[in-house]
$ cat protein-v5.csv   # CSV, C-alpha atoms
chain,number,residue,atom,x,y,z
A,8,MET,CA,41.4,-7.4,33.5
A,9,GLN,CA,40.9,-3.6,33.2
A,10,LYS,CA,43.8,-3.3,30.8
A,11,THR,CA,42.5,-6.1,28.6
A,12,PHE,CA,39.1,-4.5,28.5
A,13,ARG,CA,40.6,-1.2,27.4
A,14,GLU,CA,42.6,-2.9,24.7
A,15,ASP,CA,39.6,-4.7,23.4
A,16,PHE,CA,37.6,-1.5,23.4
A,17,SER,CA,40.4,0.3,21.5
A,18,GLU,CA,40.5,-2.5,18.9
A,19,ARG,CA,36.7,-2.4,18.4
A,20,LYS,CA,36.8,1.4,18.1
A,21,LYS,CA,39.5,1.1,15.4
A,22,ARG,CA,37.5,-1.5,13.5
A,23,TYR,CA,34.4,0.7,13.7
A,24,THR,CA,36.2,3.7,12.4
A,25,HIS,CA,37.7,1.7,9.6
A,26,HIS,CA,34.2,0.3,8.6
A,27,ARG,CA,32.7,3.7,8.7
A,28,ALA,CA,35.5,5.1,6.4
A,29,VAL,CA,34.9,2.3,3.9
A,30,LEU,CA,31.1,2.3,4.1
A,31,GLY,CA,30.5,6.1,3.8
A,32,GLU,CA,26.7,6.4,3.3
A,33,ARG,CA,26.3,2.7,2.6
A,34,ARG,CA,25.1,0.1,5.0
A,35,SER,CA,27.2,-2.8,3.7
A,36,TYR,CA,30.2,-3.7,1.7
A,37,ALA,CA,31.9,-6.9,0.6
A,38,LYS,CA,35.4,-7.9,1.8
A,39,THR,CA,36.2,-9.2,-1.7
A,40,ASP,CA,35.2,-5.8,-3.3
A,41,ARG,CA,34.9,-2.9,-0.9
A,42,ASP,CA,33.2,-0.8,-3.5
A,43,ALA,CA,30.4,-3.3,-3.9
A,44,THR,CA,27.2,-3.2,-1.9
A,45,PHE,CA,25.1,-6.3,-0.8
A,46,MET,CA,21.9,-6.4,-2.9
A,47,ARG,CA,19.1,-8.8,-3.7
A,48,MET,CA,19.6,-10.2,-7.1
A,49,LYS,CA,17.0,-11.3,-9.6
A,50,GLU,CA,19.0,-14.4,-10.2
A,51,ASP,CA,18.4,-16.3,-6.9
A,52,HIS,CA,19.1,-19.9,-7.6
A,53,MET,CA,18.6,-20.9,-4.0
A,54,ARG,CA,15.3,-19.1,-3.8
A,55,ASN,CA,16.0,-17.9,-0.3
A,56,GLY,CA,16.4,-14.1,-0.9
A,57,GLN,CA,20.1,-14.2,-0.2
A,58,LEU,CA,22.2,-11.0,-0.6
A,59,LYS,CA,25.1,-10.8,-3.0
A,60,PRO,CA,27.7,-8.0,-3.5
A,61,GLY,CA,26.9,-6.0,-6.7
A,62,TYR,CA,26.5,-2.6,-8.4
A,63,ASN,CA,23.4,-0.8,-9.6
A,64,VAL,CA,23.9,-0.1,-13.3
A,65,GLN,CA,21.9,2.7,-15.0
A,66,VAL,CA,21.7,3.1,-18.7
A,67,GLY,CA,20.2,6.0,-20.8
A,68,THR,CA,19.2,5.3,-24.4
A,69,GLU,CA,17.9,7.1,-27.5
A,70,ASN,CA,16.9,5.3,-30.7
A,71,SER,CA,18.3,2.0,-29.3
A,72,PHE,CA,21.8,3.6,-28.8
A,73,VAL,CA,23.3,4.0,-25.4
A,74,LEU,CA,24.0,7.6,-24.6
A,75,SER,CA,25.3,7.3,-21.1
A,76,TYR,CA,25.7,4.9,-18.3
A,77,SER,CA,26.5,5.1,-14.6
A,78,ILE,CA,27.5,2.7,-11.8
A,79,HIS,CA,26.0,3.2,-8.3
A,80,HIS,CA,26.2,1.8,-4.8
A,81,HIS,CA,22.5,2.3,-4.1
A,82,PRO,CA,20.4,-0.9,-4.2
A,83,THR,CA,17.3,1.0,-5.3
A,84,ASP,CA,16.8,3.0,-8.4
A,85,THR,CA,15.2,6.0,-6.8
A,86,ARG,CA,18.4,7.8,-5.7
A,87,THR,CA,20.3,7.1,-8.9
A,88,LEU,CA,18.3,9.3,-11.3
A,89,PRO,CA,19.8,12.7,-10.4
A,90,LEU,CA,23.3,11.3,-10.3
A,91,HIS,CA,22.9,9.6,-13.6
A,92,LEU,CA,21.5,12.7,-15.3
A,93,GLU,CA,24.3,14.9,-13.9
A,94,LYS,CA,26.8,12.5,-15.4
A,95,LEU,CA,24.9,12.6,-18.7
A,96,LYS,CA,24.9,16.4,-18.6
A,97,LYS,CA,28.6,16.5,-18.0
A,98,GLU,CA,29.3,14.2,-20.9
A,99,HIS,CA,26.9,15.7,-23.5
A,100,GLY,CA,26.6,19.3,-22.2
A,101,LYS,CA,22.8,19.2,-22.0
A,102,LEU,CA,19.9,17.1,-20.6
A,103,PRO,CA,17.0,15.5,-22.6
A,104,ARG,CA,13.8,17.5,-23.1
A,105,ASN,CA,11.7,14.4,-22.2
A,106,LEU,CA,12.4,11.6,-19.8
A,107,ILE,CA,10.6,8.3,-19.6
A,108,ALA,CA,11.3,5.8,-16.8
A,109,ASP,CA,9.5,3.1,-14.8
A,110,ALA,CA,7.9,3.4,-11.4
A,111,GLY,CA,11.1,2.7,-9.5
A,112,TYR,CA,12.3,6.2,-10.2
A,113,GLY,CA,9.0,8.0,-9.2
A,114,SER,CA,9.6,10.0,-6.0
A,115,GLU,CA,8.9,13.5,-4.7
A,116,GLN,CA,12.6,14.3,-4.8
A,117,ASN,CA,13.1,13.1,-8.4
A,118,TYR,CA,10.0,15.0,-9.6
A,119,GLU,CA,11.2,18.2,-8.0
A,120,TYR,CA,14.7,17.7,-9.5
A,121,LEU,CA,13.3,17.1,-13.0
A,122,GLU,CA,11.0,20.1,-12.7
A,123,GLU,CA,14.0,22.3,-11.7
A,124,GLN,CA,16.0,21.1,-14.8
A,125,GLY,CA,13.1,21.9,-17.1
A,126,ILE,CA,12.6,18.2,-18.2
A,127,THR,CA,9.2,17.1,-19.2
A,128,THR,CA,8.5,14.1,-16.9
A,129,TYR,CA,7.0,10.8,-18.0
A,130,VAL,CA,8.1,8.9,-14.9
A,131,LYS,CA,5.6,6.5,-13.3
A,132,TYR,CA,5.0,6.4,-9.6
A,133,GLY,CA,4.4,3.4,-7.4
A,134,THR,CA,0.6,3.3,-7.5
A,135,TYR,CA,0.1,4.4,-11.1
A,136,LYS,CA,-0.6,0.8,-12.3
A,137,HIS,CA,-3.3,0.3,-9.7
A,138,GLU,CA,-4.9,3.7,-10.3
A,139,ILE,CA,-5.5,3.2,-14.0
A,140,LYS,CA,-7.2,-0.1,-13.4
A,141,ARG,CA,-10.9,-0.3,-12.8
A,142,ARG,CA,-11.9,0.3,-9.2
A,143,ASN,CA,-12.7,-2.8,-7.2
A,144,LYS,CA,-13.4,-3.8,-3.6
A,145,LYS,CA,-9.8,-4.8,-2.9
A,146,ASN,CA,-8.3,-1.3,-3.3
A,147,ARG,CA,-11.5,0.8,-2.8
A,148,TYR,CA,-10.3,2.1,0.5
A,149,LYS,CA,-6.7,2.8,-0.5
A,150,ALA,CA,-5.8,6.4,0.2
A,151,TYR,CA,-4.8,7.1,-3.4
A,152,ARG,CA,-8.4,6.4,-4.4
A,153,TRP,CA,-9.7,9.2,-2.3
A,154,THR,CA,-10.5,12.8,-3.3
A,155,TYR,CA,-8.5,15.7,-2.0
A,156,ASP,CA,-9.9,19.2,-1.7
A,157,ALA,CA,-7.0,21.7,-1.8
A,158,ASP,CA,-9.2,24.7,-0.8
A,159,ARG,CA,-10.6,23.0,2.3
A,160,ASP,CA,-7.5,20.9,2.9
A,161,GLU,CA,-9.4,17.7,3.5
A,162,LEU,CA,-9.7,14.2,2.1
A,163,THR,CA,-13.0,12.4,1.2
A,164,CYS,CA,-13.2,8.6,1.4
A,165,PRO,CA,-15.4,6.5,-0.9
A,166,GLU,CA,-18.2,6.6,1.7
A,167,GLY,CA,-18.3,10.4,1.7
A,168,LYS,CA,-16.6,10.8,5.1
A,169,LYS,CA,-14.3,13.7,5.6
A,170,LEU,CA,-10.7,13.4,6.9
A,171,THR,CA,-9.4,16.6,8.5
A,172,TYR,CA,-5.9,17.8,9.1
A,173,GLN,CA,-4.3,16.8,12.4
A,174,ARG,CA,-0.6,17.5,12.3
A,175,THR,CA,2.5,17.5,10.1
A,176,THR,CA,5.4,15.0,10.2
A,177,GLU,CA,8.8,16.0,8.8
A,178,TYR,CA,11.1,13.4,7.1
A,179,ARG,CA,14.7,13.4,6.0
A,180,SER,CA,15.8,10.8,3.4
A,181,ASP,CA,19.2,9.1,3.4
A,182,ALA,CA,20.2,11.4,0.5
A,183,GLY,CA,19.4,14.5,2.7
A,184,TYR,CA,16.1,15.4,1.0
A,185,ARG,CA,13.6,16.9,3.4
A,186,SER,CA,9.9,16.4,2.9
A,187,SER,CA,6.7,16.5,5.0
A,188,ARG,CA,3.6,14.5,5.3
A,189,ARG,CA,0.3,15.9,6.6
A,190,ILE,CA,-1.7,13.5,8.8
A,191,TYR,CA,-5.5,13.4,8.3
A,192,ARG,CA,-8.1,11.7,10.5
A,193,CYS,CA,-11.7,10.7,10.1
A,194,ASP,CA,-13.9,11.3,13.1
A,195,ASP,CA,-17.0,9.5,11.8
A,196,CYS,CA,-15.5,6.0,11.5
A,197,ASP,CA,-17.5,4.7,14.5
A,198,VAL,CA,-20.8,5.1,12.6
A,199,CYS,CA,-19.5,3.9,9.3
A,200,PRO,CA,-21.0,0.5,8.2
A,201,VAL,CA,-17.9,-0.5,6.3
A,202,LYS,CA,-15.3,0.5,8.9
A,203,HIS,CA,-13.8,-3.0,9.2
A,204,ASP,CA,-13.1,-3.0,5.4
A,205,CYS,CA,-11.3,0.3,5.7
A,206,THR,CA,-9.4,0.1,9.1
A,207,GLN,CA,-9.0,-2.0,12.2
A,208,ALA,CA,-8.1,1.1,14.3
A,209,SER,CA,-10.6,3.3,16.1
A,210,TYR,CA,-10.3,6.0,13.5
A,211,ARG,CA,-8.8,6.0,10.0
A,212,HIS,CA,-5.5,7.9,9.7
A,213,THR,CA,-3.6,8.6,6.6
A,214,ALA,CA,-0.4,10.5,5.6
A,215,PHE,CA,-0.7,12.8,2.6
A,216,SER,CA,1.5,15.2,0.8
A,217,PRO,CA,-0.3,17.9,-1.3
A,218,ARG,CA,2.9,18.7,-3.2
A,219,LEU,CA,3.5,15.0,-4.2
A,220,TRP,CA,-0.2,14.8,-5.0
A,221,LYS,CA,0.1,17.7,-7.5
A,222,GLN,CA,3.2,16.1,-9.0
A,223,LYS,CA,1.4,12.7,-9.5
A,224,GLN,CA,-1.7,14.3,-11.0
A,225,LEU,CA,0.5,16.1,-13.6
A,226,VAL,CA,2.5,12.9,-14.4
A,227,LYS,CA,-0.7,10.9,-14.6
A,228,GLU,CA,-2.1,13.4,-17.1
A,229,ARG,CA,1.1,13.2,-19.2
A,230,LEU,CA,1.3,9.4,-19.2
A,231,SER,CA,-2.3,9.2,-20.3
A,232,SER,CA,-1.8,11.5,-23.3
A,233,PRO,CA,-1.0,10.2,-26.8
A,234,ASP,CA,2.7,11.2,-26.4
A,235,GLY,CA,2.9,9.5,-23.0
A,236,ILE,CA,1.4,6.3,-24.3
A,237,ALA,CA,3.8,6.2,-27.2
A,238,LEU,CA,6.8,6.9,-24.9
A,239,ARG,CA,5.7,4.2,-22.5
A,240,LYS,CA,5.5,1.6,-25.3
A,241,ARG,CA,8.9,2.8,-26.6
A,242,ARG,CA,10.7,2.4,-23.2
A,243,CYS,CA,10.1,-1.3,-23.2
A,244,HIS,CA,12.2,-2.0,-26.3
A,245,GLU,CA,14.6,1.0,-25.7
A,246,VAL,CA,16.2,0.3,-22.3
A,247,GLU,CA,15.2,-3.3,-21.6
A,248,THR,CA,16.7,-4.5,-24.9
A,249,VAL,CA,20.2,-3.4,-23.8
A,250,PHE,CA,20.1,-5.6,-20.7
A,251,GLY,CA,18.4,-8.4,-22.6
A,252,GLN,CA,21.2,-8.4,-25.3
A,253,ILE,CA,24.0,-8.1,-22.8
A,254,LYS,CA,22.7,-10.8,-20.3
A,255,GLY,CA,20.8,-13.1,-22.7
A,256,ASN,CA,22.5,-13.1,-26.0
A,257,MET,CA,26.1,-12.1,-25.0
A,258,GLY,CA,26.0,-14.1,-21.8
A,259,PHE,CA,27.4,-11.4,-19.5
A,260,ARG,CA,25.9,-11.8,-16.0
A,261,ARG,CA,28.9,-11.1,-13.8
A,262,PHE,CA,31.6,-8.5,-13.7
A,263,ARG,CA,35.2,-9.9,-14.1
A,264,THR,CA,36.8,-6.9,-12.4
A,265,ALA,CA,36.6,-5.5,-8.8
A,266,GLY,CA,36.3,-2.0,-7.7
A,267,LYS,CA,34.0,0.7,-9.1
A,268,THR,CA,36.7,2.0,-11.5
A,269,GLY,CA,37.2,-1.4,-13.0
A,270,VAL,CA,33.5,-2.2,-13.2
A,271,SER,CA,32.8,1.1,-14.9
A,272,THR,CA,35.5,0.5,-17.5
A,273,GLU,CA,34.3,-3.0,-18.1
A,274,TRP,CA,30.7,-1.9,-18.6
A,275,GLY,CA,31.8,1.0,-20.8
A,276,LEU,CA,33.5,-1.4,-23.1
A,277,LEU,CA,30.4,-3.5,-23.3
A,278,MET,CA,28.3,-0.4,-24.1
A,279,MET,CA,30.8,0.5,-26.9
A,280,GLY,CA,30.4,-2.9,-28.4
A,281,TYR,CA,26.6,-2.7,-28.1
A,282,ASN,CA,26.5,0.6,-30.0
A,283,MET,CA,28.9,-0.8,-32.7
A,284,LYS,CA,26.7,-3.8,-33.1
A,285,ASN,CA,23.7,-1.6,-33.7
A,286,LEU,CA,25.7,0.4,-36.3
A,287,LEU,CA,26.5,-2.8,-38.2
A,288,ARG,CA,22.9,-3.9,-38.0
A,289,LEU,CA,21.8,-0.6,-39.5
A,290,GLY,CA,24.5,-0.9,-42.2
A,291,VAL,CA,26.2,2.4,-41.2

$ encode --input "protein-v5.csv" --output "structure tokens"
Amino acid sequence: MQKTFREDFSERKKRYTHHRAVLGERRSYAKTDRDATFMRMKEDHMRNGQLKPGYNVQVGTENSFVLSYSIHHHPTDTRTLPLHLEKLKKEHGKLPRNLIADAGYGSEQNYEYLEEQGITTYVKYGTYKHEIKRRNKKNRYKAYRWTYDADRDELTCPEGKKLTYQRTTEYRSDAGYRSSRRIYRCDDCDVCPVKHDCTQASYRHTAFSPRLWKQKQLVKERLSSPDGIALRKRRCHEVETVFGQIKGNMGFRRFRTAGKTGVSTEWGLLMMGYNMKNLLRLGV
């Protein structure tokens, strides 16, 4: 019995070591394609949120032509931006002066990376859409609606109550990026007439990053400028057209190859055909 237990434990250990070697930093892989990661697809015919093996494809365009593409294991877009730009820099020898992207790429790590590379950032963040809308009762007590005083290091809620600093919490992302969030608390919630609209706890707590707040303020100012508005309108028919043409008009919705190398080659051929199609359309 003891020998059988030891053999079973040894086999489980071997399988675990094998899985970790295949997974790397991922949390899943498909047996039919070990380079693929299970992701939630937009095409969900069963409507039950099932996961399917796939790749995250990133495309960079300029004047409707594809300049670079990259294939990633990460299900979300946030971690793909630095990797995609590094590949573009390796291929073209330089990075773009301006970068426009949707809110899926807006993060503290990405903003810091773009600033270090000297790129003017027009990348939305998650709450940008809600912030530019007219204030209403539904989001009145959201933390992004509050005022931050950098000199006093305190937040002010819509009712004029002050939230003071309590402690700092450190975070480390899956990509290894370290950040911190400062925790603020309001001590006057017990006498506030609208407390139940703001919080169900005894006192309102919120996590806040002054560095990310400064980054968002700068990005918000750029996106609201005439250049930012023009770039935001341009992004819709620049990048989205590529996927619309490939998936809708050309009918390409599944990769025919397996493995990251094969998928990258297959997508590269599609991008070459897309660019050639644009050249013929322009009569070049």

$ closest_residue --input "protein-v5.csv" --among "A:Leu92, A:Glu18, A:Gln116, A:Ser75" --to "Asp181 of chain A" --atoms "all atoms listed in the file"
A:Gln116

$ atom_distance --input "protein-v5.csv" --atom1 "atom CA of Leu170 of chain A" --atom2 "atom CA of Cys193 of chain A"
4.3 Å

$ closest_residue --input "protein-v5.csv" --among "A:Glu98, A:Arg260, A:Ser232, A:Trp220" --to "Lys49 of chain A" --atoms "only C-alpha atoms"
A:Arg260

$ residues_around --input "protein-v5.csv" --residues "Pro60 of chain A" --least-positions-apart "4" --cutoff "6 Å" --atoms "all atoms listed in the file" --output "PyMOL selection string"
chain A and resi 37+43-45

$ atom_distance --input "protein-v5.csv" --atom1 "atom CA of Leu95 of chain A" --atom2 "atom CA of Gln222 of chain A"
24.0 Å

$ residues_around --input "protein-v5.csv" --residues "Gly125 of chain A" --least-positions-apart "3" --cutoff "12 Å" --atoms "all atoms listed in the file" --output "PDB file with C-alpha atoms, in the frame of the given file"
ATOM      1  CA  LYS A 101      22.800  19.200 -22.000  1.00  0.00           C
ATOM      2  CA  LEU A 102      19.900  17.100 -20.600  1.00  0.00           C
ATOM      3  CA  PRO A 103      17.000  15.500 -22.600  1.00  0.00           C
ATOM      4  CA  ARG A 104      13.800  17.500 -23.100  1.00  0.00           C
ATOM      5  CA  ASN A 105      11.700  14.400 -22.200  1.00  0.00           C
ATOM      6  CA  LEU A 106      12.400  11.600 -19.800  1.00  0.00           C
ATOM      7  CA  TYR A 118      10.000  15.000  -9.600  1.00  0.00           C
ATOM      8  CA  GLU A 119      11.200  18.200  -8.000  1.00  0.00           C
ATOM      9  CA  TYR A 120      14.700  17.700  -9.500  1.00  0.00           C
ATOM     10  CA  LEU A 121      13.300  17.100 -13.000  1.00  0.00           C
ATOM     11  CA  GLU A 122      11.000  20.100 -12.700  1.00  0.00           C
ATOM     12  CA  THR A 128       8.500  14.100 -16.900  1.00  0.00           C
TER      13      THR A 128
END

$ closest_residue --input "protein-v5.csv" --among "A:Ile78, A:Cys199, A:Leu230, A:Leu88" --to "Gly269 of chain A" --atoms "only C-alpha atoms"
A:Ile78

$ residues_around --input "protein-v5.csv" --residues "segment 262-268 of chain A" --least-positions-apart "6" --cutoff "12 Å" --atoms "only C-alpha atoms" --output "list in words"
Tyr36, Ala37, Lys38, Thr39, Asp40, Arg41, Asp42, Ala43, Thr44, Pro60, Gly61, Tyr62, Asn63, Val64, Ser77, Ile78, His79, His80, Ile253, Lys254, Trp274, Gly275, Leu276 and Leu277 of chain A

$ atom_distance --input "protein-v5.csv" --atom1 "atom CA of Arg189 of chain A" --atom2 "atom CA of Thr176 of chain A"
6.3 Å

$ closest_residue --input "protein-v5.csv" --among "A:Val66, A:Met279, A:Pro217, A:Gly183" --to "Glu161 of chain A" --atoms "only C-alpha atoms"
A:Pro217

$ closest_residue --input "protein-v5.csv" --among "A:Lys240, A:Lys131, A:Lys284, A:Arg86" --to "Asn117 of chain A" --atoms "all atoms listed in the file"
A:Arg86

$ residues_around --input "protein-v5.csv" --residues "segment 226-229 of chain A" --least-positions-apart "5" --cutoff "12 Å" --atoms "all atoms listed in the file" --output "VMD selection string"
chain A and resid 105 to 108 110 113 to 115 118 121 to 122 127 to 139 219 to 221 234 to 239

$ closest_residue --input "protein-v5.csv" --among "A:Lys168, A:Lys223, A:Met53, A:Asp84" --to "Tyr210 of chain A" --atoms "all atoms listed in the file"
A:Lys168

$ residues_around --input "protein-v5.csv" --residues "Ser209 of chain A" --least-positions-apart "3" --cutoff "12 Å" --atoms "all atoms listed in the file" --output "ChimeraX atom specification"
/A:192-199,202-203,205-206,212

$ write_last_selection --input "protein-v5.csv" --atoms "C-alpha atoms" --output "short mmCIF file (atom, residue, chain, number, x, y, z; two decimals), in the coordinates of the input"
data_model
loop_
_atom_site.label_atom_id
_atom_site.label_comp_id
_atom_site.auth_asym_id
_atom_site.auth_seq_id
_atom_site.Cartn_x
_atom_site.Cartn_y
_atom_site.Cartn_z
CA ARG A 192 -8.10 11.70 10.50
CA CYS A 193 -11.70 10.70 10.10
CA ASP A 194 -13.90 11.30 13.10
CA ASP A 195 -17.00 9.50 11.80
CA CYS A 196 -15.50 6.00 11.50
CA ASP A 197 -17.50 4.70 14.50
CA VAL A 198 -20.80 5.10 12.60
CA CYS A 199 -19.50 3.90 9.30
CA LYS A 202 -15.30 0.50 8.90
CA HIS A 203 -13.80 -3.00 9.20
CA CYS A 205 -11.30 0.30 5.70
CA THR A 206 -9.40 0.10 9.10
CA HIS A 212 -5.50 7.90 9.70
#

$ build_atoms --input "protein-v5.csv" --residues "segment 257-274 of chain A" --atoms "N, CA and C atoms" --output "PDB file, in the frame of the given file"
ATOM      1  N   MET A 257      24.601 -12.119 -25.128  1.00  0.00           N
ATOM      2  CA  MET A 257      26.100 -12.100 -25.000  1.00  0.00           C
ATOM      3  C   MET A 257      26.546 -12.839 -23.756  1.00  0.00           C
ATOM      4  N   GLY A 258      25.617 -13.272 -22.898  1.00  0.00           N
ATOM      5  CA  GLY A 258      26.000 -14.100 -21.800  1.00  0.00           C
ATOM      6  C   GLY A 258      26.755 -13.420 -20.668  1.00  0.00           C
ATOM      7  N   PHE A 259      26.641 -12.098 -20.588  1.00  0.00           N
ATOM      8  CA  PHE A 259      27.400 -11.400 -19.500  1.00  0.00           C
ATOM      9  C   PHE A 259      26.449 -11.173 -18.348  1.00  0.00           C
ATOM     10  N   ARG A 260      26.772 -11.859 -17.240  1.00  0.00           N
ATOM     11  CA  ARG A 260      25.900 -11.800 -16.000  1.00  0.00           C
ATOM     12  C   ARG A 260      26.756 -11.441 -14.800  1.00  0.00           C
ATOM     13  N   ARG A 261      28.065 -11.439 -14.897  1.00  0.00           N
ATOM     14  CA  ARG A 261      28.900 -11.100 -13.800  1.00  0.00           C
ATOM     15  C   ARG A 261      30.089 -10.253 -14.224  1.00  0.00           C
ATOM     16  N   PHE A 262      30.460  -9.296 -13.397  1.00  0.00           N
ATOM     17  CA  PHE A 262      31.600  -8.500 -13.700  1.00  0.00           C
ATOM     18  C   PHE A 262      32.901  -9.316 -13.408  1.00  0.00           C
ATOM     19  N   ARG A 263      33.886  -9.170 -14.281  1.00  0.00           N
ATOM     20  CA  ARG A 263      35.200  -9.900 -14.100  1.00  0.00           C
ATOM     21  C   ARG A 263      36.164  -9.077 -13.314  1.00  0.00           C
ATOM     22  N   THR A 264      35.872  -7.806 -13.100  1.00  0.00           N
ATOM     23  CA  THR A 264      36.800  -6.900 -12.400  1.00  0.00           C
ATOM     24  C   THR A 264      36.207  -6.580 -11.022  1.00  0.00           C
ATOM     25  N   ALA A 265      37.037  -5.989 -10.167  1.00  0.00           N
ATOM     26  CA  ALA A 265      36.600  -5.500  -8.800  1.00  0.00           C
ATOM     27  C   ALA A 265      36.888  -4.046  -8.712  1.00  0.00           C
ATOM     28  N   GLY A 266      36.106  -3.385  -7.874  1.00  0.00           N
ATOM     29  CA  GLY A 266      36.300  -2.000  -7.700  1.00  0.00           C
ATOM     30  C   GLY A 266      35.398  -1.173  -8.672  1.00  0.00           C
ATOM     31  N   LYS A 267      34.921  -0.027  -8.240  1.00  0.00           N
ATOM     32  CA  LYS A 267      34.000   0.700  -9.100  1.00  0.00           C
ATOM     33  C   LYS A 267      34.679   1.212 -10.362  1.00  0.00           C
ATOM     34  N   THR A 268      35.958   1.561 -10.298  1.00  0.00           N
ATOM     35  CA  THR A 268      36.700   2.000 -11.500  1.00  0.00           C
ATOM     36  C   THR A 268      36.754   0.896 -12.534  1.00  0.00           C
ATOM     37  N   GLY A 269      37.133  -0.304 -12.087  1.00  0.00           N
ATOM     38  CA  GLY A 269      37.200  -1.400 -13.000  1.00  0.00           C
ATOM     39  C   GLY A 269      35.882  -1.836 -13.566  1.00  0.00           C
ATOM     40  N   VAL A 270      34.862  -1.837 -12.713  1.00  0.00           N
ATOM     41  CA  VAL A 270      33.500  -2.200 -13.200  1.00  0.00           C
ATOM     42  C   VAL A 270      33.002  -1.185 -14.181  1.00  0.00           C
ATOM     43  N   SER A 271      33.247   0.101 -13.924  1.00  0.00           N
ATOM     44  CA  SER A 271      32.800   1.100 -14.900  1.00  0.00           C
ATOM     45  C   SER A 271      33.492   1.004 -16.209  1.00  0.00           C
ATOM     46  N   THR A 272      34.781   0.685 -16.195  1.00  0.00           N
ATOM     47  CA  THR A 272      35.500   0.500 -17.500  1.00  0.00           C
ATOM     48  C   THR A 272      34.999  -0.727 -18.207  1.00  0.00           C
ATOM     49  N   GLU A 273      34.763  -1.807 -17.479  1.00  0.00           N
ATOM     50  CA  GLU A 273      34.300  -3.000 -18.100  1.00  0.00           C
ATOM     51  C   GLU A 273      32.898  -2.820 -18.736  1.00  0.00           C
ATOM     52  N   TRP A 274      32.009  -2.139 -18.019  1.00  0.00           N
ATOM     53  CA  TRP A 274      30.700  -1.900 -18.600  1.00  0.00           C
ATOM     54  C   TRP A 274      30.738  -0.909 -19.732  1.00  0.00           C
TER      55      TRP A 274
END
